[in-house]
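Trainee: Input: one structure, supplied below.
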Amino acid sequence: MTAALLVIDVQNDFCPGGALAVPGGDEIVPKINALMTDFKEIILTQDWHPAGHSSFASEHPGKAPFETVEMEYGTQVLWPDHCVQGSHGGAFHPDLDTTPAHLIIRKGMSLKIDSYSAFFENDRATHTGLDGYLQTRGITRLVMVGLATDFCVQFSALDAAKLGYRVTVRRDLCRAIDLDGSLAQAEAAMREAGVTLD
C-alpha cells in the first residue's frame, strides 16, 4: 500500500498574525517537517484566492466575517479577506519545508466558488485534479495534517474517504477554528465516514 502525506493550507494568513488566524497554527510546523521524512509522496495544498473573492465578507455589503450567505452551490461562510494570490498571507509559513513536496494543489481560485477540499471546489462538481494524480501514483492511503481541522482538513478527509482512500487525520498536527462547536461536529463527521483520527 502506498501512502502520501497531505499537508493542508499551512499558510501565513492561517497562522497567528494572519487575516484568518487559527489558534496555534504555527505550532504544528516543526512536527510536520519532521513527519515528512517518513513519506516518499508529499503533497501540499494552498488556498489561493483572487482579490475580491465571493467568499470574502468585504464583497457582501452589510455582512460581517463568519456570517453566511446563500450561493448557487449552497450556504457559504463569509471570511475576512485572506490568502489572496501573490500576497504574503497566501504564502506558505516560512518555516514549512516545501522542498520535499511533489505537488502543490492550489484551490479557491475561481472567483465565484470557494474551495475547502483538496479534491473538489464547494460546488462539488469542479475537480482540483488531486484524485487523478493520486491514482496515477498508486496512492491508496492518505495521512492529513494542517489547517484547519474543522474546514479544509475535514472536507478533504471526507472527500478522500468517499473516493475510496484510507484516511488518517493526525489531530496533533492540525489546529481548528472551532466556530460555534464546529470542531466536535467535524470530528464526528469524519469518524462516521471511516476516517481514522490519530
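Naming works like this for the C-alpha cells: A, B, ... for the chains as they're shown, residue 1 at the start of each chain, ligands 1 onward in shown order.
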Would you return as a list in words the members of stretch 112-179 of chain A that DSSP assigns to strand (DSSP E) on this structure's backbone?

Mentor: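 Checking each residue of stretch 112-179 of chain A, the strand (DSSP E) ones are Ile139, Thr140, Arg141, Leu142, Val143, Met144, Val145, Gly146, Leu147, Arg166, Val167, Thr168, Val169, Arg170, Arg171, Asp172, Leu173, Cys174 and Arg175 of chain A.
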
Trainee: Store the residues picked out above in a file with C-alpha atoms, as a PDB file, in the first residue's frame.

Mentor:
ATOM      1  CA  ILE A 139      -1.650   6.046  -3.740  1.00  0.00           C
ATOM      2  CA  THR A 140      -4.315   4.312  -1.660  1.00  0.00           C
ATOM      3  CA  ARG A 141      -3.723   5.776   1.809  1.00  0.00           C
ATOM      4  CA  LEU A 142      -3.566   9.412   2.902  1.00  0.00           C
ATOM      5  CA  VAL A 143      -2.288  10.967   6.113  1.00  0.00           C
ATOM      6  CA  MET A 144      -3.580  14.523   6.546  1.00  0.00           C
ATOM      7  CA  VAL A 145      -2.190  17.361   8.645  1.00  0.00           C
ATOM      8  CA  GLY A 146      -2.629  21.132   8.600  1.00  0.00           C
ATOM      9  CA  LEU A 147      -5.232  23.872   8.887  1.00  0.00           C
ATOM     10  CA  ARG A 166      -7.877   5.046   3.592  1.00  0.00           C
ATOM     11  CA  VAL A 167      -7.556   8.291   5.527  1.00  0.00           C
ATOM     12  CA  THR A 168      -5.848   9.177   8.780  1.00  0.00           C
ATOM     13  CA  VAL A 169      -6.043  12.689  10.239  1.00  0.00           C
ATOM     14  CA  ARG A 170      -3.272  13.463  12.704  1.00  0.00           C
ATOM     15  CA  ARG A 171      -5.141  15.598  15.205  1.00  0.00           C
ATOM     16  CA  ASP A 172      -1.897  16.538  16.960  1.00  0.00           C
ATOM     17  CA  LEU A 173      -0.664  18.078  13.700  1.00  0.00           C
ATOM     18  CA  CYS A 174      -3.860  20.022  12.948  1.00  0.00           C
ATOM     19  CA  ARG A 175      -5.463  23.058  14.541  1.00  0.00           C
TER      20      ARG A 175
END

Trainee: Show me, as a compact mmCIF listing (two decimals) with C-alpha atoms, in the first residue's frame, the residues that have an atom within 10 Å of A:Leu96 when counting only C-alpha atoms, minus same-chain residues fewer than 6 positions from it.

Mentor:
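The result, written out as around06.txt:
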# COMPACT_ATOMS: atom_id res chain seq x y z
CA VAL A 7 -0.24 19.00 4.17
CA VAL A 10 -0.13 25.85 6.28
CA GLN A 11 -0.09 29.48 5.16
CA ASP A 26 2.25 27.79 13.68
CA ILE A 28 2.48 22.30 14.18
CA VAL A 29 5.06 23.34 11.57
CA PRO A 30 8.22 21.76 13.08
CA LYS A 31 6.48 18.42 13.65
CA ILE A 32 5.04 18.42 10.12
CA ASN A 33 8.55 18.96 8.77

Trainee: Quote the spacing between atom CA of A:Phe66 and atom CA of A:Leu78 in Å to one decimal place.

Mentor: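 Atom-to-atom, atom CA of A:Phe66 and atom CA of A:Leu78 are spaced 5.1 Å apart.
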
Trainee: Which one of A:Ala184, A:Ala148, A:Ala91, A:Leu197 sits closest to A:Gly24 if you count only C-alpha atoms?

Mentor: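 Smallest distance to A:Gly24 is found for A:Ala148.
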
Trainee: Would you list, as an MDAnalysis selection string, the residues of chain A that end up in alpha helix (DSSP H) under DSSP run on this structure's backbone?

Mentor: chainID A and resid 29:35 130:137 154:162 182:192

Trainee: Create the file for the chosen residues now, containing N, CA and C atoms and written as an mmCIF file, in the first residue's frame.

Mentor:
data_model
loop_
_atom_site.group_PDB
_atom_site.id
_atom_site.type_symbol
_atom_site.label_atom_id
_atom_site.label_comp_id
_atom_site.auth_asym_id
_atom_site.auth_seq_id
_atom_site.Cartn_x
_atom_site.Cartn_y
_atom_site.Cartn_z
ATOM 1 N N VAL A 29 4.139 23.342 12.708
ATOM 2 C CA VAL A 29 5.061 23.339 11.571
ATOM 3 C C VAL A 29 6.299 22.472 11.791
ATOM 4 N N PRO A 30 7.024 22.594 12.914
ATOM 5 C CA PRO A 30 8.219 21.757 13.081
ATOM 6 C C PRO A 30 7.927 20.255 13.045
ATOM 7 N N LYS A 31 6.810 19.854 13.629
ATOM 8 C CA LYS A 31 6.484 18.422 13.648
ATOM 9 C C LYS A 31 6.029 17.923 12.280
ATOM 10 N N ILE A 32 5.376 18.789 11.494
ATOM 11 C CA ILE A 32 5.035 18.417 10.118
ATOM 12 C C ILE A 32 6.317 18.200 9.315
ATOM 13 N N ASN A 33 7.272 19.114 9.470
ATOM 14 C CA ASN A 33 8.550 18.960 8.774
ATOM 15 C C ASN A 33 9.208 17.630 9.130
ATOM 16 N N ALA A 34 9.175 17.281 10.410
ATOM 17 C CA ALA A 34 9.783 16.023 10.847
ATOM 18 C C ALA A 34 9.051 14.823 10.262
ATOM 19 N N LEU A 35 7.720 14.902 10.181
ATOM 20 C CA LEU A 35 6.921 13.793 9.652
ATOM 21 C C LEU A 35 7.196 13.558 8.170
ATOM 22 N N LEU A 130 -6.511 16.389 -7.948
ATOM 23 C CA LEU A 130 -5.738 15.590 -6.993
ATOM 24 C C LEU A 130 -6.054 14.107 -7.085
ATOM 25 N N ASP A 131 -7.326 13.749 -7.229
ATOM 26 C CA ASP A 131 -7.694 12.333 -7.289
ATOM 27 C C ASP A 131 -7.001 11.635 -8.462
ATOM 28 N N GLY A 132 -7.015 12.255 -9.612
ATOM 29 C CA GLY A 132 -6.355 11.667 -10.769
ATOM 30 C C GLY A 132 -4.866 11.497 -10.556
ATOM 31 N N TYR A 133 -4.244 12.485 -9.939
ATOM 32 C CA TYR A 133 -2.806 12.408 -9.655
ATOM 33 C C TYR A 133 -2.512 11.231 -8.731
ATOM 34 N N LEU A 134 -3.296 11.102 -7.647
ATOM 35 C CA LEU A 134 -3.064 10.015 -6.695
ATOM 36 C C LEU A 134 -3.240 8.655 -7.348
ATOM 37 N N GLN A 135 -4.235 8.537 -8.216
ATOM 38 C CA GLN A 135 -4.460 7.266 -8.893
ATOM 39 C C GLN A 135 -3.283 6.890 -9.783
ATOM 40 N N THR A 136 -2.754 7.867 -10.511
ATOM 41 C CA THR A 136 -1.621 7.552 -11.392
ATOM 42 C C THR A 136 -0.383 7.185 -10.584
ATOM 43 N N ARG A 137 -0.300 7.649 -9.345
ATOM 44 C CA ARG A 137 0.853 7.338 -8.496
ATOM 45 C C ARG A 137 0.642 6.080 -7.665
ATOM 46 N N GLN A 154 -11.182 18.724 7.302
ATOM 47 C CA GLN A 154 -12.387 17.889 7.326
ATOM 48 C C GLN A 154 -12.930 17.614 5.921
ATOM 49 N N PHE A 155 -13.101 18.648 5.117
ATOM 50 C CA PHE A 155 -13.665 18.468 3.780
ATOM 51 C C PHE A 155 -12.768 17.579 2.928
ATOM 52 N N SER A 156 -11.471 17.743 3.058
ATOM 53 C CA SER A 156 -10.535 16.906 2.292
ATOM 54 C C SER A 156 -10.617 15.456 2.743
ATOM 55 N N ALA A 157 -10.702 15.243 4.051
ATOM 56 C CA ALA A 157 -10.771 13.877 4.578
ATOM 57 C C ALA A 157 -12.063 13.178 4.165
ATOM 58 N N LEU A 158 -13.179 13.893 4.250
ATOM 59 C CA LEU A 158 -14.460 13.294 3.868
ATOM 60 C C LEU A 158 -14.484 12.940 2.381
ATOM 61 N N ASP A 159 -13.969 13.826 1.539
ATOM 62 C CA ASP A 159 -13.933 13.529 0.105
ATOM 63 C C ASP A 159 -13.006 12.368 -0.194
ATOM 64 N N ALA A 160 -11.860 12.332 0.465
ATOM 65 C CA ALA A 160 -10.923 11.238 0.236
ATOM 66 C C ALA A 160 -11.541 9.896 0.625
ATOM 67 N N ALA A 161 -12.231 9.869 1.760
ATOM 68 C CA ALA A 161 -12.880 8.623 2.193
ATOM 69 C C ALA A 161 -13.959 8.206 1.193
ATOM 70 N N LYS A 162 -14.726 9.183 0.712
ATOM 71 C CA LYS A 162 -15.780 8.898 -0.253
ATOM 72 C C LYS A 162 -15.204 8.357 -1.558
ATOM 73 N N SER A 182 -17.758 23.838 15.794
ATOM 74 C CA SER A 182 -17.520 23.145 14.518
ATOM 75 C C SER A 182 -16.476 22.041 14.615
ATOM 76 N N LEU A 183 -15.563 22.116 15.593
ATOM 77 C CA LEU A 183 -14.547 21.066 15.717
ATOM 78 C C LEU A 183 -15.180 19.733 16.099
ATOM 79 N N ALA A 184 -16.042 19.739 17.108
ATOM 80 C CA ALA A 184 -16.692 18.494 17.538
ATOM 81 C C ALA A 184 -17.545 17.911 16.413
ATOM 82 N N GLN A 185 -18.257 18.771 15.698
ATOM 83 C CA GLN A 185 -19.073 18.309 14.576
ATOM 84 C C GLN A 185 -18.205 17.705 13.474
ATOM 85 N N ALA A 186 -17.064 18.344 13.201
ATOM 86 C CA ALA A 186 -16.167 17.850 12.156
ATOM 87 C C ALA A 186 -15.592 16.499 12.520
ATOM 88 N N GLU A 187 -15.165 16.355 13.763
ATOM 89 C CA GLU A 187 -14.582 15.080 14.173
ATOM 90 C C GLU A 187 -15.617 13.958 14.139
ATOM 91 N N ALA A 188 -16.842 14.261 14.540
ATOM 92 C CA ALA A 188 -17.909 13.252 14.480
ATOM 93 C C ALA A 188 -18.187 12.849 13.038
ATOM 94 N N ALA A 189 -18.234 13.817 12.129
ATOM 95 C CA ALA A 189 -18.496 13.519 10.719
ATOM 96 C C ALA A 189 -17.376 12.683 10.121
ATOM 97 N N MET A 190 -16.141 12.990 10.478
ATOM 98 C CA MET A 190 -15.014 12.218 9.941
ATOM 99 C C MET A 190 -15.028 10.774 10.458
ATOM 100 N N ARG A 191 -15.293 10.621 11.751
ATOM 101 C CA ARG A 191 -15.365 9.255 12.303
ATOM 102 C C ARG A 191 -16.473 8.453 11.605
ATOM 103 N N GLU A 192 -17.617 9.087 11.414
ATOM 104 C CA GLU A 192 -18.753 8.401 10.771
ATOM 105 C C GLU A 192 -18.408 7.973 9.361
#

Trainee: When you draw a straight line from atom CA of A:Asp150 to atom CA of A:Thr37, how long is it in Å?

Mentor: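 Spanning atom CA of A:Asp150 to atom CA of A:Thr37 is a straight-line distance of 26.1 Å.
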
Trainee: Neighbouring residues of A:Leu111 were defined as those with any atom within 12 Å, considering only C-alpha atoms; residues of the same chain fewer than 2 positions away were excluded. Please report them as a list of chain:residue names.

Mentor: A:Trp48, A:His49, A:Pro50, A:Ala51, A:Gly52, A:His53, A:Ser54, A:Ser55, A:Phe56, A:Glu59, A:Val84, A:Gln85, A:Lys107, A:Gly108, A:Met109, A:Ile113, A:Asp114, A:Ser115, A:Glu121

Trainee: Counting only C-alpha atoms, figure out which residue out of A:Phe151, A:Tyr73, A:Phe14, A:Phe39 gets nearest to A:Thr2.

Mentor: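 The closest residue to A:Thr2 is A:Phe39.
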
Trainee: So, with only C-alpha atoms as the atoms that count, which of A:Glu41, A:Cys152, A:Ala57, A:Asp178 lies closest to A:Gly138?

Mentor: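 Looking at the shortest contact to A:Gly138, the residue is A:Glu41.
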
Trainee: Near A:Ser58, counting only C-alpha atoms, which residues have an atom at most 8 Å away, once you skip same-chain residues fewer than 3 positions from it, shown as a list in words?

Mentor: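 Close residues of A:Ser58: Gly52, Pro61, Lys63, Ala64, Pro80 and Asp81 of chain A.
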
Trainee: Restricted to N, CA, C and O atoms, what would the selected residues look like written as a CSV table (one decimal), in the first residue's frame?

Mentor:
chain,number,residue,atom,x,y,z
A,52,GLY,N,-11.0,40.1,-4.3
A,52,GLY,CA,-12.5,40.2,-4.5
A,52,GLY,C,-13.2,38.9,-4.5
A,52,GLY,O,-14.3,38.9,-5.1
A,61,PRO,N,-22.0,43.8,1.1
A,61,PRO,CA,-22.3,44.9,1.9
A,61,PRO,C,-23.3,44.5,3.0
A,61,PRO,O,-24.3,43.8,2.8
A,63,LYS,N,-22.6,42.6,5.5
A,63,LYS,CA,-22.3,41.3,6.1
A,63,LYS,C,-20.9,41.4,6.8
A,63,LYS,O,-20.0,42.1,6.4
A,64,ALA,N,-20.8,40.6,7.8
A,64,ALA,CA,-19.6,40.6,8.6
A,64,ALA,C,-18.9,39.2,8.5
A,64,ALA,O,-19.6,38.2,8.2
A,80,PRO,N,-12.9,36.8,6.4
A,80,PRO,CA,-12.1,38.0,6.2
A,80,PRO,C,-11.3,37.8,4.9
A,80,PRO,O,-11.0,36.6,4.5
A,81,ASP,N,-10.9,38.8,4.2
A,81,ASP,CA,-10.1,38.7,3.0
A,81,ASP,C,-8.8,37.9,3.4
A,81,ASP,O,-8.1,38.3,4.4

Trainee: Hey, which of A:Trp79, A:Lys40, A:Pro65, A:Tyr165 ends up closest to A:Thr196? Count only C-alpha atoms.

Mentor: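 Counting only C-alpha atoms, the residue closest to A:Thr196 is A:Tyr165.
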
Trainee: Quick check, in Å to one decimal: how far apart do atom CA of A:Ser110 and atom CA of A:Ala19 lie?

Mentor: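 The value is 19.9 Å.
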
Trainee: Please identify all polymer residues within 9 Å of A:Gln76, counting only C-alpha atoms, omitting same-chain residues fewer than 6 positions from it, and present them as number ranges by chain.

Mentor: A: 55, 67-70, 114, 122
